[in-house]
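target-v1.csv follows; it contains CSV, C-alpha atoms.
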```csv
chain,number,residue,atom,x,y,z
A,252,MET,CA,0.0,0.0,0.0
A,253,LEU,CA,1.2,3.5,-0.8
A,254,ASP,CA,1.9,5.6,2.3
A,255,GLN,CA,1.4,8.7,0.2
A,256,ILE,CA,-1.0,9.5,-2.6
A,257,ILE,CA,0.5,11.7,-5.2
A,258,SER,CA,-2.0,13.8,-7.1
A,259,ILE,CA,-1.2,14.9,-10.6
A,260,GLU,CA,-3.2,17.8,-12.0
A,261,PRO,CA,-2.6,19.3,-15.4
A,262,SER,CA,-2.1,23.0,-15.8
A,263,ASP,CA,-1.3,25.3,-18.7
A,264,ARG,CA,1.8,27.2,-19.2
A,265,ILE,CA,2.7,29.5,-22.1
A,266,VAL,CA,6.2,28.8,-23.3
A,267,ASN,CA,7.7,31.7,-25.3
A,268,ARG,CA,10.7,31.2,-27.6
A,269,LYS,CA,12.2,33.4,-30.3
A,270,PRO,CA,10.9,32.9,-33.9
A,271,ARG,CA,13.4,30.6,-35.6
A,272,ILE,CA,14.3,31.8,-39.1
A,273,LEU,CA,16.2,30.3,-41.9
A,274,CYS,CA,18.0,33.1,-43.8
A,275,LEU,CA,18.6,32.7,-47.5
A,276,HIS,CA,21.4,34.9,-48.8
A,277,GLY,CA,21.7,36.7,-52.2
A,278,PHE,CA,23.1,35.3,-55.5
A,279,ARG,CA,26.8,34.5,-55.3
A,280,THR,CA,27.3,35.6,-51.7
A,281,SER,CA,27.1,33.4,-48.6
A,282,GLY,CA,25.4,32.9,-45.3
A,283,GLU,CA,28.2,34.7,-43.5
A,284,ILE,CA,27.8,37.7,-45.8
A,285,LEU,CA,24.1,37.9,-45.1
A,286,LYS,CA,24.8,37.7,-41.4
A,287,THR,CA,27.1,40.6,-41.7
A,288,GLN,CA,24.6,42.6,-43.8
A,289,LEU,CA,21.9,42.1,-41.2
A,290,LYS,CA,24.1,43.8,-38.6
A,291,LYS,CA,22.8,47.1,-40.1
A,292,TRP,CA,19.7,46.3,-38.0
A,293,PRO,CA,19.8,47.3,-34.3
A,294,GLU,CA,20.5,44.7,-31.6
A,295,SER,CA,17.0,45.4,-30.3
A,296,VAL,CA,15.6,43.7,-33.4
A,297,LEU,CA,18.2,40.9,-33.9
A,298,GLN,CA,18.0,39.8,-30.2
A,299,LYS,CA,14.3,39.0,-30.7
A,300,LEU,CA,15.0,36.5,-33.5
A,301,ASP,CA,16.8,33.2,-33.7
A,302,LEU,CA,18.6,33.3,-37.1
A,303,PHE,CA,20.3,30.6,-39.1
A,304,PHE,CA,22.5,31.3,-42.1
A,305,PRO,CA,23.3,28.4,-44.4
A,306,ASP,CA,25.4,28.7,-47.5
A,307,ALA,CA,23.6,27.9,-50.8
A,308,PRO,CA,24.3,24.4,-52.2
A,309,PHE,CA,26.3,25.4,-55.3
A,310,PRO,CA,29.7,27.2,-55.4
A,311,CYS,CA,29.8,30.5,-57.3
A,312,ASN,CA,29.9,29.8,-61.0
A,313,GLY,CA,31.0,33.2,-62.2
A,314,LYS,CA,32.0,36.7,-60.9
A,315,SER,CA,30.3,37.8,-57.7
A,316,GLU,CA,29.0,41.4,-57.4
A,317,VAL,CA,30.4,41.5,-53.9
A,318,GLU,CA,34.0,40.8,-54.8
A,319,GLY,CA,36.2,43.3,-53.1
A,320,ILE,CA,33.5,44.1,-50.6
A,321,PHE,CA,33.1,40.7,-48.9
A,322,ASP,CA,35.6,37.9,-48.8
A,323,PRO,CA,34.9,34.6,-50.6
A,324,PRO,CA,33.8,31.8,-50.8
A,325,TYR,CA,30.5,32.7,-52.6
A,326,TYR,CA,27.6,30.5,-53.4
A,327,GLU,CA,24.4,30.4,-55.5
A,328,TRP,CA,21.0,28.7,-54.9
A,329,PHE,CA,20.4,27.8,-58.5
A,330,GLN,CA,21.4,28.9,-62.0
A,331,PHE,CA,19.4,30.7,-64.7
A,332,ASN,CA,19.6,32.1,-68.2
A,333,LYS,CA,19.8,35.8,-69.1
A,334,GLU,CA,16.1,36.2,-69.2
A,335,PHE,CA,15.7,34.5,-65.8
A,336,THR,CA,13.1,32.1,-67.4
A,337,ASP,CA,15.1,28.8,-67.5
A,338,TYR,CA,16.5,27.3,-64.3
A,339,GLU,CA,19.1,24.7,-63.5
A,340,ASN,CA,19.3,22.7,-60.3
A,341,PHE,CA,16.1,24.2,-59.0
A,342,ASP,CA,14.7,20.8,-57.7
A,343,GLU,CA,18.1,20.2,-55.9
A,344,CYS,CA,17.9,23.6,-54.4
A,345,LEU,CA,14.4,23.0,-52.9
A,346,GLU,CA,15.6,19.6,-51.5
A,347,TYR,CA,18.6,21.3,-49.9
A,348,ILE,CA,16.5,24.0,-48.2
A,349,GLU,CA,14.3,21.3,-46.8
A,350,GLU,CA,17.4,19.6,-45.4
A,351,CYS,CA,18.5,22.8,-43.8
A,352,MET,CA,15.1,23.2,-42.2
A,353,ILE,CA,15.3,19.7,-40.8
A,354,LYS,CA,18.8,20.3,-39.5
A,355,HIS,CA,17.8,23.5,-37.7
A,356,ALA,CA,14.3,22.4,-36.7
A,357,PRO,CA,11.9,23.8,-35.8
A,358,ILE,CA,12.2,26.5,-38.5
A,359,ASP,CA,9.2,28.8,-38.3
A,360,GLY,CA,9.8,31.2,-41.1
A,361,LEU,CA,12.1,32.4,-43.9
A,362,LEU,CA,14.1,35.5,-44.4
A,363,GLY,CA,15.6,36.1,-47.9
A,364,PHE,CA,17.6,38.7,-49.8
A,365,SER,CA,17.6,39.0,-53.6
A,366,GLN,CA,17.8,35.4,-55.0
A,367,GLY,CA,17.1,34.2,-51.5
A,368,ALA,CA,14.1,36.4,-51.3
A,369,ILE,CA,12.7,35.2,-54.6
A,370,LEU,CA,13.1,31.6,-53.3
A,371,SER,CA,11.5,32.4,-49.9
A,372,ALA,CA,8.5,34.0,-51.5
A,373,ALA,CA,7.9,31.0,-53.7
A,374,LEU,CA,8.2,28.4,-51.1
A,375,PRO,CA,4.8,28.7,-49.2
A,376,GLY,CA,2.9,28.2,-52.5
A,377,LEU,CA,5.1,25.2,-53.5
A,378,GLN,CA,4.7,23.8,-50.0
A,379,ALA,CA,0.9,24.2,-50.1
A,380,LYS,CA,0.9,22.3,-53.5
A,381,GLY,CA,2.9,19.4,-52.0
A,382,ILE,CA,5.8,20.2,-54.4
A,383,ALA,CA,8.4,21.2,-51.9
A,384,LEU,CA,9.1,21.1,-48.1
A,385,THR,CA,6.8,18.1,-47.6
A,386,LYS,CA,8.9,16.8,-44.6
A,387,VAL,CA,8.8,20.0,-42.5
A,388,PRO,CA,6.1,22.0,-40.8
A,389,LYS,CA,4.2,24.7,-42.7
A,390,ILE,CA,6.1,28.0,-43.2
A,391,LYS,CA,4.5,30.5,-40.7
A,392,PHE,CA,5.9,33.8,-42.1
A,393,LEU,CA,8.2,35.5,-44.5
A,394,MET,CA,10.7,38.4,-44.5
A,395,ILE,CA,11.4,39.4,-48.1
A,396,ILE,CA,14.2,41.9,-48.9
A,397,SER,CA,14.5,42.9,-52.5
A,398,GLY,CA,12.2,40.1,-53.7
A,399,ALA,CA,10.4,39.2,-56.9
A,400,GLN,CA,8.3,36.4,-58.4
A,401,LEU,CA,9.9,33.5,-60.2
A,402,LYS,CA,9.9,34.2,-64.0
A,403,ASN,CA,9.8,30.6,-65.1
A,404,GLU,CA,6.2,30.1,-66.1
A,405,SER,CA,5.9,26.5,-64.9
A,406,TRP,CA,7.3,27.2,-61.5
A,407,ALA,CA,5.4,30.5,-61.2
A,408,GLU,CA,2.1,28.9,-61.8
A,409,LYS,CA,2.7,26.4,-59.1
A,410,ALA,CA,4.0,29.0,-56.6
A,411,TYR,CA,1.4,31.8,-57.0
A,412,SER,CA,-1.8,30.1,-58.2
A,413,ILE,CA,-3.1,30.8,-54.7
A,414,PRO,CA,-2.2,33.9,-52.7
A,415,ILE,CA,0.6,33.8,-50.1
A,416,GLN,CA,-1.5,33.7,-46.9
A,417,CYS,CA,1.2,33.6,-44.2
A,418,PRO,CA,2.2,36.9,-42.6
A,419,SER,CA,4.9,38.6,-44.6
A,420,LEU,CA,7.1,41.7,-44.4
A,421,HIS,CA,8.5,43.2,-47.6
A,422,PHE,CA,11.4,45.7,-48.1
A,423,LEU,CA,11.1,47.9,-51.2
A,424,GLY,CA,14.0,50.2,-52.1
A,425,ASP,CA,13.3,53.4,-54.1
A,426,ASN,CA,16.4,52.8,-56.2
A,427,ASP,CA,16.3,49.0,-56.3
A,428,PHE,CA,16.2,47.6,-59.8
A,429,LEU,CA,13.9,44.9,-58.5
A,430,LYS,CA,11.4,47.3,-57.0
A,431,PRO,CA,8.8,46.9,-59.9
A,432,TYR,CA,9.1,43.2,-59.5
A,433,GLY,CA,8.8,43.5,-55.7
A,434,ASN,CA,5.6,45.5,-56.2
A,435,GLU,CA,4.3,42.8,-58.6
A,436,LEU,CA,5.0,40.1,-55.9
A,437,LEU,CA,2.8,42.0,-53.5
A,438,LYS,CA,-0.2,41.3,-55.7
A,439,SER,CA,0.2,37.6,-54.8
A,440,VAL,CA,0.3,38.3,-51.1
A,441,GLU,CA,-2.6,38.6,-48.6
A,442,ASN,CA,-2.2,41.6,-46.2
A,443,PRO,CA,1.5,42.2,-46.5
A,444,MET,CA,3.4,44.6,-44.3
A,445,VAL,CA,5.9,46.8,-46.2
A,446,ILE,CA,9.0,48.8,-45.3
A,447,HIS,CA,10.0,51.4,-47.9
A,448,HIS,CA,13.5,52.8,-47.9
A,449,PRO,CA,15.5,55.2,-50.2
A,450,LYS,CA,18.4,52.8,-51.0
A,451,GLY,CA,19.0,50.4,-53.8
A,452,HIS,CA,19.5,46.7,-54.0
A,453,THR,CA,20.7,46.3,-50.4
A,454,ILE,CA,19.6,45.4,-46.9
A,455,PRO,CA,18.7,48.8,-45.5
A,456,ARG,CA,19.1,50.3,-42.1
A,457,LEU,CA,15.9,50.9,-40.3
A,458,ASP,CA,14.6,54.4,-39.8
A,459,GLU,CA,12.1,55.3,-37.2
A,460,VAL,CA,9.1,54.3,-39.3
A,461,GLY,CA,10.8,51.1,-40.5
A,462,LEU,CA,11.7,50.1,-37.0
A,463,GLU,CA,8.1,50.6,-35.8
A,464,THR,CA,6.9,48.4,-38.6
A,465,MET,CA,9.5,45.8,-37.8
A,466,PHE,CA,8.6,45.6,-34.2
A,467,LYS,CA,4.9,45.2,-35.1
A,468,PHE,CA,5.8,42.3,-37.4
A,469,ILE,CA,8.0,40.7,-34.8
A,470,GLU,CA,5.1,40.9,-32.3
A,471,ARG,CA,2.8,39.3,-34.8
A,472,ILE,CA,5.1,36.4,-35.5
A,473,GLN,CA,6.0,35.9,-31.9
A,474,LYS,CA,2.4,35.1,-31.2
A,475,LEU,CA,2.5,32.4,-33.9
A,476,VAL,CA,5.4,30.5,-32.3
A,477,SER,CA,4.3,30.7,-28.7
A,478,ASP,CA,3.5,27.2,-27.7
A,479,LYS,CA,0.9,26.2,-25.2
A,480,GLU,CA,1.7,23.0,-23.5
A,481,ASP,CA,0.4,20.9,-20.6
A,482,VAL,CA,2.6,20.7,-17.6
A,483,VAL,CA,2.2,17.9,-15.0
A,484,THR,CA,2.6,19.1,-11.4
A,485,VAL,CA,3.3,16.7,-8.6
```
Please render this file's structure as structure tokens.
Amino acid sequence: MLDQIISIEPSDRIVNRKPRILCLHGFRTSGEILKTQLKKWPESVLQKLDLFFPDAPFPCNGKSEVEGIFDPPYYEWFQFNKEFTDYENFDECLEYIEECMIKHAPIDGLLGFSQGAILSAALPGLQAKGIALTKVPKIKFLMIISGAQLKNESWAEKAYSIPIQCPSLHFLGDNDFLKPYGNELLKSVENPMVIHHPKGHTIPRLDEVGLETMFKFIERIQKLVSDKEDVVTV
């Protein structure tokens, strides 16, 4: 016979953790370069996010635009023709991103710059269609810096046939050559948040308005990743 009866009663506890984000760098750069570029943002922003910076799967296959600014090695996510309509190694790229998400699980959302942003914006739609990221949880949010839609008609039809419904934050530079394409991407997004900046094709510093928008977005995604779990008390 037990000398003491132990009562077990369930209770609820809210467990908060930082949003975990896979960060996809630009064409012919690297994860380390993107990490350095994001240091333009204040620590008050970066400390609220859990960021992971993989290198793209393919070594740089030509001249990098950041040569002389950032040290090599440089990498690219996939290859394309001059019109950006034909892709090479795109399937392999999608598989690699899924492997990175598994390695750093649980990944909640994606942040991308340039080629990494184009990829990031396409992935929720491809995931919803069961074409990519089938082994990982649904992407909860996006942060798109100098983004655009895929130009390959076949992949674009798969990626944007339904609107991007997860929360998304988009950075549009007044002097960015991709700005018109970034605006076009917004037509495929439900309720996007947008930060405008006066710079070109770069990761911008955050002015007062941009910082306010950023904190609102972080507050929004923080609620998405707060887990409610049962705790046993003895």
Checklist entry - Mind pulling up the distance from atom CA of Cys351 of chain A to atom CA of Pro414 of chain A? => result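 According to the coordinates, atom CA of Pro414 of chain A and atom CA of Cys351 of chain A are separated by 25.1 Å.
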Checklist entry - Hey, what's within 9 Å of Leu345 of chain A if we count all atoms listed in the file and toss same-chain stuff fewer than 2 positions away? As a PyMOL selection string, please? => result chain A and resi 328+340-343+347-350+370+374+383-384
Shell around Leu273 of chain A at 10 Å using all atoms listed in the file, local window under 3 positions removed, as a PDB file with C-alpha atoms, keeping the file's coordinate frame:
```pdb
ATOM      1  CA  PRO A 270      10.900  32.900 -33.900  1.00  0.00           C
ATOM      2  CA  HIS A 276      21.400  34.900 -48.800  1.00  0.00           C
ATOM      3  CA  ASP A 301      16.800  33.200 -33.700  1.00  0.00           C
ATOM      4  CA  LEU A 302      18.600  33.300 -37.100  1.00  0.00           C
ATOM      5  CA  PHE A 303      20.300  30.600 -39.100  1.00  0.00           C
ATOM      6  CA  PHE A 304      22.500  31.300 -42.100  1.00  0.00           C
ATOM      7  CA  PRO A 305      23.300  28.400 -44.400  1.00  0.00           C
ATOM      8  CA  ILE A 348      16.500  24.000 -48.200  1.00  0.00           C
ATOM      9  CA  CYS A 351      18.500  22.800 -43.800  1.00  0.00           C
ATOM     10  CA  MET A 352      15.100  23.200 -42.200  1.00  0.00           C
ATOM     11  CA  HIS A 355      17.800  23.500 -37.700  1.00  0.00           C
ATOM     12  CA  ALA A 356      14.300  22.400 -36.700  1.00  0.00           C
ATOM     13  CA  PRO A 357      11.900  23.800 -35.800  1.00  0.00           C
ATOM     14  CA  ILE A 358      12.200  26.500 -38.500  1.00  0.00           C
ATOM     15  CA  ASP A 359       9.200  28.800 -38.300  1.00  0.00           C
ATOM     16  CA  GLY A 360       9.800  31.200 -41.100  1.00  0.00           C
ATOM     17  CA  LEU A 361      12.100  32.400 -43.900  1.00  0.00           C
ATOM     18  CA  LEU A 362      14.100  35.500 -44.400  1.00  0.00           C
ATOM     19  CA  GLY A 363      15.600  36.100 -47.900  1.00  0.00           C
ATOM     20  CA  SER A 371      11.500  32.400 -49.900  1.00  0.00           C
ATOM     21  CA  LEU A 393       8.200  35.500 -44.500  1.00  0.00           C
TER      22      LEU A 393
END
```
Next on the checklist: Given the point (6.2, 44.4, -55.7) in the file's coordinates, find the residues that have an atom at most 10 Å from it, counting only C-alpha atoms, and give them as a list in words.
Outcome noted: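 Selection result: Ser397, Gly398, Ala399, Gln400, His421, Phe422, Leu423, Leu429, Lys430, Pro431, Tyr432, Gly433, Asn434, Glu435, Leu436, Leu437, Lys438, Ser439, Val440 and Val445 of chain A.
Comparing the minimum interatomic distances between Ile396 of chain A and each of A:Pro455, A:Lys354, A:Ala373, A:Gln473, counting all atoms listed in the file, we find that A:Pro455 sits nearest.
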Next on the checklist: Residues near Glu408 of chain A, anyone? I mean within 10 Å using only C-alpha atoms, not counting same-chain ones fewer than 5 positions away, as a PyMOL selection string.
Outcome noted: chain A and resi 376-377+401-403+413
Checklist entry - Can you tell me how far atom CA of Leu420 of chain A sits from atom CA of Asp322 of chain A, in Å to one decimal? => result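 According to the coordinates, atom CA of Leu420 of chain A and atom CA of Asp322 of chain A are separated by 29.1 Å.
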